[in-house]
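K.L.:
Have a look at the structure that comes next, please.
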Amino acid sequence: MRKARKNYFIYLMMLLIFGGLIYTAIAGGERFLHLSSIKPATAGDDAFTMFKTILLDNLEHPFSILLIQIIVVLIAVRIFASAFRYIGQPGVIGEIVAGIVLGPSLLGSLYPEFFGFLFQPDSLTNLELISQLGLVLFMFVIGMEVDFGVLKNKINETLVISHAGILVPFFLGMLASYWVYEEYASQQTAFLPFALFIGISMSITAFPVLARIIQERNMTRKPVGILTIASAANDDVTAWCLLAVVIAITKAGTLGGALYTVLLTFVYIAVMFVVVRPFLKKIGTLYSNKEVINKTFVSFIFLVLIVSAAITEILGIHALFGAFMAGVVMPSNFGFRKVMMEKVEDIALVFFLPLFFAFTGLRTQIGLINTPELWCVCLLLITVAVVGKFGGCAVASRLVGESWKDSFTIGTLMNTRGLMELVALNIGYELGVLPPSIFVILIIMALVTTFMTTPLLNLVEWGFAVREQKTVLQRKLLLFFGRPETGGKLLSVYKLLFGKQLSYHQVIAAHYTTGTDVNPTSVEQFFEESFIPVDKQAEHLNIHIEKRYRVTDNLVSDMISTVEAESPDTLLLGAGPRFMTDGEKSMTSFFGLFRKKVDDVLEHASCPVAIFVNRDYRNGDEVAVLINGSMDSFLFTYVRRLLEDGGSFIHLYYFSSGSEEYVGQIYKINKQYANRVHLYPLVEIEDLVLPIIHGLLILSYDTCVGIAANEKVFKALPSLLVMKDAS
């Protein structure tokens, strides 16, 4: 305390002494006032007016404007993305809509003064440059997401599907330009570049959006999902190479004039694959984990990215193509790509891309489509886009041997355009090839074809749904687990309940990762790691399991959807040791909220549900069952099944004051399995004292809720299997 006072005293004296000296220096400087041409502020000036003037000057400074723009854009994008995810649509659609809402179509129309202040014409240059830098980083990530291993395994089928998905819509797009060019584009650009850009805009697939839809729908491991991802990756590489050629032709004006640019582009691509890729592969093996990737190496990778982007920009085929190729040639080592994508993807997706959406929105004026003829053109181009992409990919898939259901699924997914379409359209707009009205129409086309993907997939699944007839002997058993180690425990619980018959049943293990922003490479790793304990336990028990995995932002609703879709005979959920500890007292606490989620699932499940509350359960330990009167009569089925299997000794607890029928069943079981049942009559719940520590107590959900109110008794219980009969 004395030392603190001393320090405060020293600090106070320092302020007084040096403050006085500074004041003396300022006062002495007044003798130079006559030398300055700037009139200083006097005491008579209004201080608040001066402050307001300074504040307004700072507010109108270009950097302040840019920061405010970024704040508004990021908030709007998060709101709209969350809203669209809530209705089951990819968040990128909401981000695009947010950009349009911030543009002249809505904000500029409703609040022109605020719009004019926020997006001053001379401030848009800064926004454009930053958004372009963000796109360079984003295209680098997209290039790294291209898996050549998948392409190699599916090369024959993907070549047919992906290139049919480019050639057919490209041809139809050029054909449609015959009806559009003369009226809406002839005054601004030549026919050839216009037709080429209409064709390429029909041909692009949004690989990132498609990949995330496949993740969310648990299709990553299914053959149709693997084939679609491979086809989309092939489509991506081909379409961006084709776009580079289209840009070269557009700038040259003729095919002959673009010949040198095209040749140099092919030389550049060859150098990237023949020279740069092998070199990066060698050094990438030295940096395969996060611990040894240092700043020097990261700076080298970014240098490769910037050099590649600069070369393609100078060649005249846009910096984004160079960024994409830089990502494609990065080492295929999983650890390396995972670390680099983690470093780049978040900042590109969360910070830079919203600025691109906003800038695109500022260019998009829906009011330009102000005649019935223009709306007919809009409908024409949307139809051409859907028929060309969906039809081309679906028919090609069928021709290479896929079923009609899988063919329609592939066609639907490949019809997704989203962000990649916006990138191509902005390039066409910057080159002056796409007039403002056609640019707006194509933006609407990108939104419609992306928005329709999820509903159309649902329609395809519904149309081809075949309900399998369940056999009398086979049951469908579904389990959900959170932590990986819980999955193995839940399988052991099913083994306990169904014994030797488990191998004859259909067992489905489901695990969902929260957060749809996870990149596809990380998702693959999460999937593998999450199911390791389940796979080991399944192998130990000699049973086959089916796996369900999904990345989601709506965990409970997706769990409910899975339960409704699978229609299991029994549902098993995992819970932590403190499940129900808070009872009804604190439903706002963490564990209370977890219980609320379980209750939501229980409410929608029409089958028997079991909740495993793990309190250091060890396989093979003794089992206890608590039957609380006639309302728990359904538990007798599980008791008999445990005893008939021949492997369990049961401690059977019951309330002796129950009905004659209920007590009669207790005695009947005891007589039939006298050597394997030990009865424990109870008068009050406080009498429930179990001799097993690491075993398992089976009881009904309603009884568990009642016991949880007695904190002392409930905490002393071992691991629980809380059962709820079919609703």
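Labels for the structure tokens follow display order: chains A, B, ..., residues from 1 in each chain, ligands from 1.
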Would you list the contacts of Ile444 (chain A) as a count of residues only, taking every protein, DNA or RNA residue within 10 Å and counting only C-alpha atoms, but skipping same-chain residues closer than 5 positions in sequence?
P.N.:
11
K.L.:
Pick out each residue of region 295-485 of chain A that DSSP on the backbone tags as alpha helix (DSSP H); I need them as a PyMOL selection string.
P.N.:
chain A and resi 295-315+319-328+334-347+353-363+372-386+392-399+404-414+418-430+436-451+453-463+484-485
K.L.:
Please measure the separation of CA of Val77 (chain A) and CA of Ala98 (chain A), giving the value in Å to one decimal.
P.N.:
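These two atoms are separated by 5.5 Å.
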K.L.:
Which of these residues is nearest to Ala248 (chain A), using only C-alpha atoms: A:Asp236, A:Asp553, A:Glu313, A:Glu113?
P.N.:
A:Glu313
K.L.:
Under the rule that only C-alpha atoms are counted, which of A:Thr125, A:Thr265, A:Gln120, A:Gln506 is the nearest residue to Leu243 (chain A)?
P.N.:
A:Thr265
K.L.:
Might you pull out every residue within 9 Å of region 384-388 of chain A, with only C-alpha atoms counted and same-chain residues fewer than 2 positions away left off, and present them as a PyMOL selection string?
P.N.:
chain A and resi 164-173+176+201-203+379-382+390-393+412+415+445+449
K.L.:
Keeping C-alpha atoms for every residue in the selection just given, could you write it to a file as a PDB file, in the first residue's frame?
P.N.:
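Output contents, as saved in again_20.pdb:
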ATOM      1  CA  ALA A 164     -22.006 -31.585 -71.219  1.00  0.00           C
ATOM      2  CA  GLY A 165     -22.880 -29.099 -68.469  1.00  0.00           C
ATOM      3  CA  ILE A 166     -20.702 -26.524 -70.234  1.00  0.00           C
ATOM      4  CA  LEU A 167     -21.238 -27.183 -73.928  1.00  0.00           C
ATOM      5  CA  VAL A 168     -25.049 -27.490 -73.882  1.00  0.00           C
ATOM      6  CA  PRO A 169     -25.791 -24.288 -71.894  1.00  0.00           C
ATOM      7  CA  PHE A 170     -22.995 -22.438 -73.722  1.00  0.00           C
ATOM      8  CA  PHE A 171     -24.581 -23.253 -77.072  1.00  0.00           C
ATOM      9  CA  LEU A 172     -28.090 -22.398 -75.858  1.00  0.00           C
ATOM     10  CA  GLY A 173     -26.797 -19.138 -74.360  1.00  0.00           C
ATOM     11  CA  ALA A 176     -30.465 -16.925 -77.013  1.00  0.00           C
ATOM     12  CA  SER A 201     -22.737 -17.100 -67.844  1.00  0.00           C
ATOM     13  CA  MET A 202     -25.042 -20.035 -68.616  1.00  0.00           C
ATOM     14  CA  SER A 203     -22.207 -22.557 -68.107  1.00  0.00           C
ATOM     15  CA  LEU A 379     -37.571 -15.391 -68.156  1.00  0.00           C
ATOM     16  CA  LEU A 380     -35.921 -16.542 -71.407  1.00  0.00           C
ATOM     17  CA  LEU A 381     -32.392 -16.459 -69.955  1.00  0.00           C
ATOM     18  CA  ILE A 382     -33.456 -18.188 -66.726  1.00  0.00           C
ATOM     19  CA  PHE A 390     -29.835 -29.127 -65.542  1.00  0.00           C
ATOM     20  CA  GLY A 391     -30.834 -30.902 -68.736  1.00  0.00           C
ATOM     21  CA  GLY A 392     -27.299 -31.261 -70.100  1.00  0.00           C
ATOM     22  CA  CYS A 393     -25.878 -32.714 -66.865  1.00  0.00           C
ATOM     23  CA  THR A 412     -29.966 -30.009 -59.912  1.00  0.00           C
ATOM     24  CA  ASN A 415     -27.376 -25.900 -61.885  1.00  0.00           C
ATOM     25  CA  MET A 445     -30.805 -15.597 -63.022  1.00  0.00           C
ATOM     26  CA  THR A 449     -30.919 -20.914 -60.084  1.00  0.00           C
TER      27      THR A 449
END
